[in-house]
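I have placed the structure first, in the form of structure tokens, so that the comments after it can refer back to it.
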Amino acid sequence: MPETSVVTLSRHILEEERRHPEASGQFTSVLLEVALAAKIISREVNKAGLVDDIMGSTGEENLHGERVQKLDAYADEVIYKALDHTGTLCCMGSEEHEGLLPIPDRFPKGEYVLLFDPLDGSSNIDVNVSIGTIFSIHRRVSGPEGSDGLLEDCLQPGKNQVAAGYVVYGSSTILVYTSGNGVHGFTLDPSIGEFLLSHPDIRMPDGVGNIYSVNESYYRRWSPGQQRFVSELKTSDPPFTSRYIGSMVADVHRTLLKGGIFMYPPEVRKPGGKLRLLYEAAPMAFLVEQAGGKATDGRRDLLEIEPTSLHQRTPLYVGSRELVDRAAEYLAQDDL
Ligand code: AHG
Ligand code: MN
Ligand code: MN
């Protein structure tokens, strides 16, 4: 084989696995099947607008009272079906389903748990704005080996994740993942259908960057500390600039590459904010910390939070370390 500079996602994951002689191969298989699902979803996302059965709402609401888009439902099914039979998972959990998703009886059960937000940013589907998929992988904690997974396998703190990642379906499709050894990004080359290493060892830039990202229309619902923090960012010299896509996956991707902070703050009447701890916040926190950044709920390290329910929400502050710390200082004033 000639020497080549092309590193596929499969090669990268296999090389990572070789660093862990105790690894069973199940973990590699989970990541590769997630990547396959991402390629299928990417193909459909690129057809949105052309094909009737892809764009628009299903007419139903999900358990969060949000309109289910056809692509939400499609992506959810693609991921489940790509992994249900592999023998690598003991159960799954999806933002689109209230309870945990069991592995069908006819298939073997494995050592891992997959939690996912099949399509993040669904309100942006109809307007050709970037959307994504977020995933988080834990090792099961229940036994015995080969049995069905339980709720306790899903309800683990973020620090227990063995891998996490996301896919952005944007101007190109990029898959970014960590298995605790740095953060690596792979761009889909549609001509060969492979994810190729394009962003090896992503590190957040030093310093605080110059971008803040938050839905500022909720300003009046924020605590005084949150309001003061954002005002300070605007009036600092030089002032920060503002970017808000409304797809967390894309907003966090930019934050990872360019620095700054992404926030989904608590509101006075919604102390948990909007984002889901297990499907959205914890995987992003793991990635950002692996890239040298930081993630909190405004007070606590996000990865330390012990979940008590599958759809638990949490405020999220994620990005450059110093800036996330500065946000916490302002929020602490609310307690005085
Ligand atoms: P989802 O599409 O999975 O329901 O998530 C949408 C989330 C997240 O992507 C984004 O940051 C946030 O909703 C935007 O909410 P606001 O419209 O309240 O800003
Ligand atoms: Mn989401
Ligand atoms: Mn979603």
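Ligands are numbered from 1 in the order shown, residues from 1 within each chain, and chains are lettered A, B, ... in the order they appear in the structure tokens.
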Against segment 154-164 of chain A, which residues of segment 39-115 of chain A fall within 9 Å? For each one I want the closest pair of atoms and the distance in Å (one decimal), counting only C-alpha atoms, rows by chain and increasing residue number, as JSON lines.
```
{"residue": "A:Cys91", "atom": "CA", "partner": "A:Cys154", "partner_atom": "CA", "distance": 8.3}
{"residue": "A:Met92", "atom": "CA", "partner": "A:Cys154", "partner_atom": "CA", "distance": 7.8}
{"residue": "A:Gly93", "atom": "CA", "partner": "A:Cys154", "partner_atom": "CA", "distance": 7.2}
{"residue": "A:Leu100", "atom": "CA", "partner": "A:Cys154", "partner_atom": "CA", "distance": 7.9}
{"residue": "A:Val113", "atom": "CA", "partner": "A:Cys154", "partner_atom": "CA", "distance": 6.7}
{"residue": "A:Leu114", "atom": "CA", "partner": "A:Cys154", "partner_atom": "CA", "distance": 8.1}
{"residue": "A:Leu115", "atom": "CA", "partner": "A:Cys154", "partner_atom": "CA", "distance": 7.4}
```
Output of the above residues as a PDB file, in the first residue's frame, restricted to all heavy atoms:
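Okay, this is what ended up in out.pdb:
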```
ATOM      1  N   CYS A  91     -28.621  -0.749  25.628  1.00  0.00           N
ATOM      2  CA  CYS A  91     -29.826   0.054  25.430  1.00  0.00           C
ATOM      3  C   CYS A  91     -29.414   1.389  24.826  1.00  0.00           C
ATOM      4  O   CYS A  91     -28.216   1.683  24.718  1.00  0.00           O
ATOM      5  CB  CYS A  91     -30.599   0.286  26.735  1.00  0.00           C
ATOM      6  SG  CYS A  91     -29.694   1.214  27.974  1.00  0.00           S
ATOM      7  N   MET A  92     -30.396   2.177  24.412  1.00  0.00           N
ATOM      8  CA  MET A  92     -30.125   3.524  23.891  1.00  0.00           C
ATOM      9  C   MET A  92     -31.103   4.492  24.542  1.00  0.00           C
ATOM     10  O   MET A  92     -32.105   4.085  25.136  1.00  0.00           O
ATOM     11  CB  MET A  92     -30.316   3.572  22.374  1.00  0.00           C
ATOM     12  CG  MET A  92     -29.324   2.753  21.597  1.00  0.00           C
ATOM     13  SD  MET A  92     -29.591   2.946  19.804  1.00  0.00           S
ATOM     14  CE  MET A  92     -29.980   1.271  19.349  1.00  0.00           C
ATOM     15  N   GLY A  93     -30.815   5.773  24.389  1.00  0.00           N
ATOM     16  CA  GLY A  93     -31.737   6.811  24.844  1.00  0.00           C
ATOM     17  C   GLY A  93     -31.724   7.915  23.815  1.00  0.00           C
ATOM     18  O   GLY A  93     -30.654   8.296  23.327  1.00  0.00           O
ATOM     19  N   LEU A 100     -36.185   4.735  28.019  1.00  0.00           N
ATOM     20  CA  LEU A 100     -34.994   4.245  27.327  1.00  0.00           C
ATOM     21  C   LEU A 100     -35.408   3.305  26.199  1.00  0.00           C
ATOM     22  O   LEU A 100     -36.493   2.720  26.209  1.00  0.00           O
ATOM     23  CB  LEU A 100     -34.011   3.604  28.298  1.00  0.00           C
ATOM     24  CG  LEU A 100     -34.348   2.357  29.082  1.00  0.00           C
ATOM     25  CD1 LEU A 100     -34.284   1.124  28.222  1.00  0.00           C
ATOM     26  CD2 LEU A 100     -33.362   2.217  30.225  1.00  0.00           C
ATOM     27  N   VAL A 113     -23.742   1.998  26.164  1.00  0.00           N
ATOM     28  CA  VAL A 113     -25.020   2.703  26.091  1.00  0.00           C
ATOM     29  C   VAL A 113     -24.817   3.885  25.151  1.00  0.00           C
ATOM     30  O   VAL A 113     -23.805   4.574  25.263  1.00  0.00           O
ATOM     31  CB  VAL A 113     -25.388   3.298  27.474  1.00  0.00           C
ATOM     32  CG1 VAL A 113     -26.737   3.981  27.419  1.00  0.00           C
ATOM     33  CG2 VAL A 113     -25.326   2.261  28.549  1.00  0.00           C
ATOM     34  N   LEU A 114     -25.752   4.118  24.268  1.00  0.00           N
ATOM     35  CA  LEU A 114     -25.666   5.276  23.372  1.00  0.00           C
ATOM     36  C   LEU A 114     -26.833   6.220  23.651  1.00  0.00           C
ATOM     37  O   LEU A 114     -27.998   5.803  23.646  1.00  0.00           O
ATOM     38  CB  LEU A 114     -25.742   4.809  21.908  1.00  0.00           C
ATOM     39  CG  LEU A 114     -25.728   5.935  20.866  1.00  0.00           C
ATOM     40  CD1 LEU A 114     -24.343   6.569  20.756  1.00  0.00           C
ATOM     41  CD2 LEU A 114     -26.177   5.410  19.494  1.00  0.00           C
ATOM     42  N   LEU A 115     -26.502   7.481  23.918  1.00  0.00           N
ATOM     43  CA  LEU A 115     -27.522   8.516  24.115  1.00  0.00           C
ATOM     44  C   LEU A 115     -27.378   9.503  22.971  1.00  0.00           C
ATOM     45  O   LEU A 115     -26.256   9.881  22.617  1.00  0.00           O
ATOM     46  CB  LEU A 115     -27.300   9.224  25.456  1.00  0.00           C
ATOM     47  CG  LEU A 115     -27.310   8.303  26.673  1.00  0.00           C
ATOM     48  CD1 LEU A 115     -26.828   9.045  27.916  1.00  0.00           C
ATOM     49  CD2 LEU A 115     -28.714   7.750  26.894  1.00  0.00           C
TER      50      LEU A 115
END
```
Cut-off 8 Å, only C-alpha atoms and all ligand atoms, neighbours of ligand 1 as a VMD selection string:
chain A and resid 66 95 117 to 123 131 214 to 215 245 to 249 251 264 274 to 275 280
Those residues you just picked out, can you put them in a file as a CSV table (one decimal), in the first residue's frame with N, CA and C atoms?
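And here is the file that came out, result08.csv:
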```csv
chain,number,residue,atom,x,y,z
A,66,GLU,N,-42.7,20.1,21.5
A,66,GLU,CA,-42.2,20.7,20.4
A,66,GLU,C,-42.7,20.0,19.1
A,95,GLU,N,-33.5,11.8,22.6
A,95,GLU,CA,-34.2,13.0,22.9
A,95,GLU,C,-35.7,12.8,22.5
A,117,ASP,N,-29.1,13.0,20.5
A,117,ASP,CA,-30.1,14.0,20.0
A,117,ASP,C,-30.0,13.8,18.5
A,118,PRO,N,-31.0,13.1,17.9
A,118,PRO,CA,-30.8,12.7,16.5
A,118,PRO,C,-30.7,13.9,15.6
A,119,LEU,N,-31.5,15.0,15.8
A,119,LEU,CA,-31.4,16.1,15.0
A,119,LEU,C,-31.5,17.4,15.9
A,120,ASP,N,-30.4,18.1,16.0
A,120,ASP,CA,-30.3,19.3,16.8
A,120,ASP,C,-30.5,20.5,15.9
A,121,GLY,N,-31.4,21.4,16.3
A,121,GLY,CA,-31.6,22.7,15.5
A,121,GLY,C,-32.7,22.5,14.5
A,122,SER,N,-33.7,21.7,14.9
A,122,SER,CA,-34.7,21.3,13.9
A,122,SER,C,-35.5,22.5,13.4
A,123,SER,N,-35.5,23.6,14.1
A,123,SER,CA,-36.3,24.7,13.6
A,123,SER,C,-35.5,25.4,12.4
A,131,ILE,N,-27.6,22.1,10.8
A,131,ILE,CA,-28.2,21.3,11.9
A,131,ILE,C,-27.3,20.2,12.2
A,214,VAL,N,-25.7,33.7,22.5
A,214,VAL,CA,-26.8,33.4,23.4
A,214,VAL,C,-28.1,34.0,22.7
A,215,ASN,N,-29.3,33.5,23.0
A,215,ASN,CA,-30.5,34.0,22.5
A,215,ASN,C,-30.9,35.2,23.4
A,245,ILE,N,-26.7,30.9,16.0
A,245,ILE,CA,-27.3,30.2,14.9
A,245,ILE,C,-28.7,29.6,15.3
A,246,GLY,N,-28.8,29.2,16.6
A,246,GLY,CA,-30.0,28.6,17.0
A,246,GLY,C,-30.0,27.1,16.8
A,247,SER,N,-28.8,26.5,16.4
A,247,SER,CA,-28.6,25.1,16.4
A,247,SER,C,-27.4,25.0,17.3
A,248,MET,N,-27.6,24.4,18.5
A,248,MET,CA,-26.5,24.4,19.5
A,248,MET,C,-25.3,23.7,18.9
A,249,VAL,N,-25.5,22.7,18.1
A,249,VAL,CA,-24.4,21.9,17.6
A,249,VAL,C,-23.5,22.8,16.7
A,251,ASP,N,-23.4,26.2,16.9
A,251,ASP,CA,-22.9,27.3,17.7
A,251,ASP,C,-21.7,26.8,18.6
A,264,TYR,N,-26.7,28.9,27.2
A,264,TYR,CA,-28.2,28.8,27.3
A,264,TYR,C,-28.5,28.9,28.8
A,274,LYS,N,-33.2,25.2,28.7
A,274,LYS,CA,-33.9,24.4,27.6
A,274,LYS,C,-33.1,23.1,27.3
A,275,LEU,N,-31.8,23.2,27.4
A,275,LEU,CA,-31.0,22.1,26.8
A,275,LEU,C,-31.1,20.9,27.7
A,280,GLU,N,-27.5,16.7,25.1
A,280,GLU,CA,-27.0,17.9,24.4
A,280,GLU,C,-25.8,18.4,25.2
```
Give me the residues near segment 196-210 of chain A as a ChimeraX atom specification, where near means some atom within 9 Å (using only C-alpha atoms) and where sequence neighbours in that chain fewer than 6 positions away do not count.
/A:6-9,12,174,176,181-189,233,238-242,255-261,288,290-293,319-324
Selection: 7 Å around Gln312 of chain A, only C-alpha atoms, excl. self and same-chain fewer than 3 positions, as a count of residues only:
4
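Take atom CA of Leu14 of chain A and atom CA of Asp76 of chain A: the distance between them is 26.3 Å.
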To one decimal place in Å, what is the distance between atom CA of Val78 of chain A and atom CA of Glu111 of chain A?
21.0 Å
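You can rank A:Gly180, A:His311, A:Phe229, A:Arg243 by their closest distance to ligand 3 using only C-alpha atoms and all ligand atoms, and at the top of that list sits A:His311.
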Determine the nearest neighbour of ligand 2 from the options A:Pro283, A:Pro21, A:Pro265, A:Pro144, counting only C-alpha atoms and all ligand atoms.
A:Pro283
I need the strand (DSSP E) residues of segment 30-233 of chain A per DSSP on the backbone, written as an MDAnalysis selection string.
chainID A and resid 57:61 67:69 89:94 101:102 112:120 131:139 161:169 173:178 183:189 194:199 211:213
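Nearest to ligand 2 of all the residues A:Gly132, A:Gly99, A:Pro266, A:Gly87 is A:Gly132, counting only C-alpha atoms and all ligand atoms.
Taking atom 1 (Mn, counted along the ligand's line) of ligand 2 and atom CA of Ser179 of chain A as the two end points, the separation is 21.3 Å.
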Please provide the set of residues having any atom within 8 Å of Leu316 of chain A, restricted to only C-alpha atoms, with same-chain residues fewer than 2 positions apart removed, written as a VMD selection string.
chain A and resid 262 to 265 275 281 295 to 298 302 314 318
Please produce a file of those selected residues containing N, CA and C atoms, as a short mmCIF file (atom, residue, chain, number, x, y, z; two decimals), in the first residue's frame.
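New file out05.cif:
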```cif
data_model
loop_
_atom_site.label_atom_id
_atom_site.label_comp_id
_atom_site.auth_asym_id
_atom_site.auth_seq_id
_atom_site.Cartn_x
_atom_site.Cartn_y
_atom_site.Cartn_z
N PHE A 262 -20.61 30.01 24.49
CA PHE A 262 -22.00 29.73 24.12
C PHE A 262 -22.77 29.54 25.43
N MET A 263 -23.93 30.20 25.52
CA MET A 263 -24.72 30.09 26.76
C MET A 263 -26.17 29.76 26.43
N TYR A 264 -26.74 28.87 27.23
CA TYR A 264 -28.20 28.79 27.28
C TYR A 264 -28.54 28.93 28.76
N PRO A 265 -28.80 30.16 29.19
CA PRO A 265 -28.93 30.44 30.62
C PRO A 265 -30.25 29.96 31.21
N LEU A 275 -31.83 23.19 27.37
CA LEU A 275 -31.05 22.08 26.81
C LEU A 275 -31.07 20.86 27.72
N ALA A 281 -26.03 18.70 26.52
CA ALA A 281 -25.02 19.44 27.30
C ALA A 281 -23.80 18.59 27.65
N ALA A 295 -16.90 23.77 30.69
CA ALA A 295 -18.36 23.77 30.62
C ALA A 295 -18.93 23.70 32.02
N THR A 296 -19.91 24.57 32.30
CA THR A 296 -20.57 24.54 33.60
C THR A 296 -22.07 24.76 33.40
N ASP A 297 -22.81 24.63 34.51
CA ASP A 297 -24.22 25.04 34.46
C ASP A 297 -24.34 26.44 35.05
N GLY A 298 -23.22 27.12 35.13
CA GLY A 298 -23.18 28.46 35.72
C GLY A 298 -22.58 28.42 37.11
N LEU A 302 -20.12 20.95 34.61
CA LEU A 302 -21.21 20.23 33.95
C LEU A 302 -21.03 18.72 34.02
N THR A 314 -30.66 21.43 31.74
CA THR A 314 -29.64 22.14 32.49
C THR A 314 -29.27 23.43 31.77
N VAL A 318 -20.49 27.22 27.99
CA VAL A 318 -19.45 26.38 27.44
C VAL A 318 -18.55 27.21 26.53
#
```
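Closest to ligand 2 among A:Ala75, A:Ile125, A:Ile134, A:Ile305 is A:Ile134, based on only C-alpha atoms and all ligand atoms.
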Neighbour list for segment 41-46 of chain A as a PyMOL selection string, cut-off 12 Å, only C-alpha atoms, skip fewer than 5 positions in-chain
chain A and resi 34-36+51-55+70-79+82+118-119+122+124-133+167-175+187-191+193+195
